[in-house]
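Below is one structure, written out as structure tokens, with a few remarks after it.
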Amino acid sequence: MKALLTVDDLSDCIHKSVTSIRSDVTRNPLSLPPICRLPGTKRLLWRAEDVERWLADHVSGFAMTAGTAATDEAIKAKPGRPIKAQQIKKQKIRLSSSGSQSSKASVGA
């Protein structure tokens, strides 16, 4: 039988404070590995293999092969808010295009 991890042990493994772990047990249990509850006790215990599996399932990163479209999309940053100069340029283009449309409308009338 393998040893069970206590809250202090889990704290060292996942780099969370003991207080955070204790509150997450009731507040947000999905943010922790599955708990091993012994009958008749309220102790918080975890099996080492469950913690290792949970950590492996929560690894994120670029595990895909290089050159795939999904990798290229993940690397490409989304455009943020345009800078003020770009906003003004866009407004000028809109005004000039709407001004030329209104002059065409008056000529056609």
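Identifiers in the structure tokens: chain A, B, ... in order shown; residue index from 1 per chain; ligand index from 1 in order shown.
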Residue contacts of Val18 of chain A (8 Å, only C-alpha atoms) excluding same-chain residues fewer than 6 positions away, as a PDB file with C-alpha atoms, in the first residue's frame:
ATOM      1  CA  VAL A   7      -2.490  18.690   3.223  1.00  0.00           C
ATOM      2  CA  ASP A   8       1.096  19.724   3.973  1.00  0.00           C
ATOM      3  CA  SER A  11       0.932  21.869  -0.522  1.00  0.00           C
TER       4      SER A  11
END
| message | Give me, as a PyMOL selection string, all polymer residues having an atom no more than 10 Å from Leu32 of chain A, counting only C-alpha atoms and skipping those fewer than 2 positions away in the same chain. | response | chain A and resi 10+14+21+24-25+28-30+34-35+46+51+54-55
Would you mind exporting the chosen residues as a compact mmCIF listing (two decimals), in the first residue's frame, restricted to N, CA and C atoms?
# COMPACT_ATOMS: atom_id res chain seq x y z
N LEU A 10 0.62 17.78 0.05
CA LEU A 10 0.02 18.26 -1.20
C LEU A 10 0.43 19.70 -1.46
N ILE A 14 1.99 20.83 -5.11
CA ILE A 14 1.33 21.70 -6.09
C ILE A 14 1.59 23.18 -5.84
N ILE A 21 -5.65 25.24 0.01
CA ILE A 21 -6.10 23.87 -0.24
C ILE A 21 -7.32 23.55 0.62
N ASP A 24 -10.28 25.31 -0.82
CA ASP A 24 -10.66 24.77 -2.13
C ASP A 24 -11.37 23.43 -2.03
N VAL A 25 -11.16 22.70 -0.95
CA VAL A 25 -11.83 21.42 -0.78
C VAL A 25 -13.34 21.60 -0.83
N ASN A 28 -13.97 24.99 -4.18
CA ASN A 28 -13.67 24.70 -5.58
C ASN A 28 -12.95 23.35 -5.68
N PRO A 29 -13.66 22.25 -5.45
CA PRO A 29 -13.00 20.95 -5.41
C PRO A 29 -12.37 20.51 -6.73
N LEU A 30 -12.79 21.08 -7.84
CA LEU A 30 -12.20 20.70 -9.14
C LEU A 30 -10.80 21.27 -9.32
N PRO A 34 -8.37 14.43 -6.81
CA PRO A 34 -9.44 13.75 -6.09
C PRO A 34 -9.01 13.37 -4.67
N ILE A 35 -9.88 13.61 -3.71
CA ILE A 35 -9.58 13.36 -2.31
C ILE A 35 -9.88 11.91 -1.97
N TRP A 46 -4.77 12.43 0.17
CA TRP A 46 -4.72 12.19 -1.26
C TRP A 46 -3.78 11.03 -1.53
N VAL A 51 -2.62 12.19 -7.38
CA VAL A 51 -2.03 13.53 -7.53
C VAL A 51 -1.17 13.59 -8.77
N TRP A 54 -3.41 13.60 -11.83
CA TRP A 54 -4.09 14.89 -11.93
C TRP A 54 -3.14 15.95 -12.47
N LEU A 55 -1.90 15.95 -11.99
CA LEU A 55 -0.91 16.91 -12.50
C LEU A 55 -0.62 16.66 -13.98
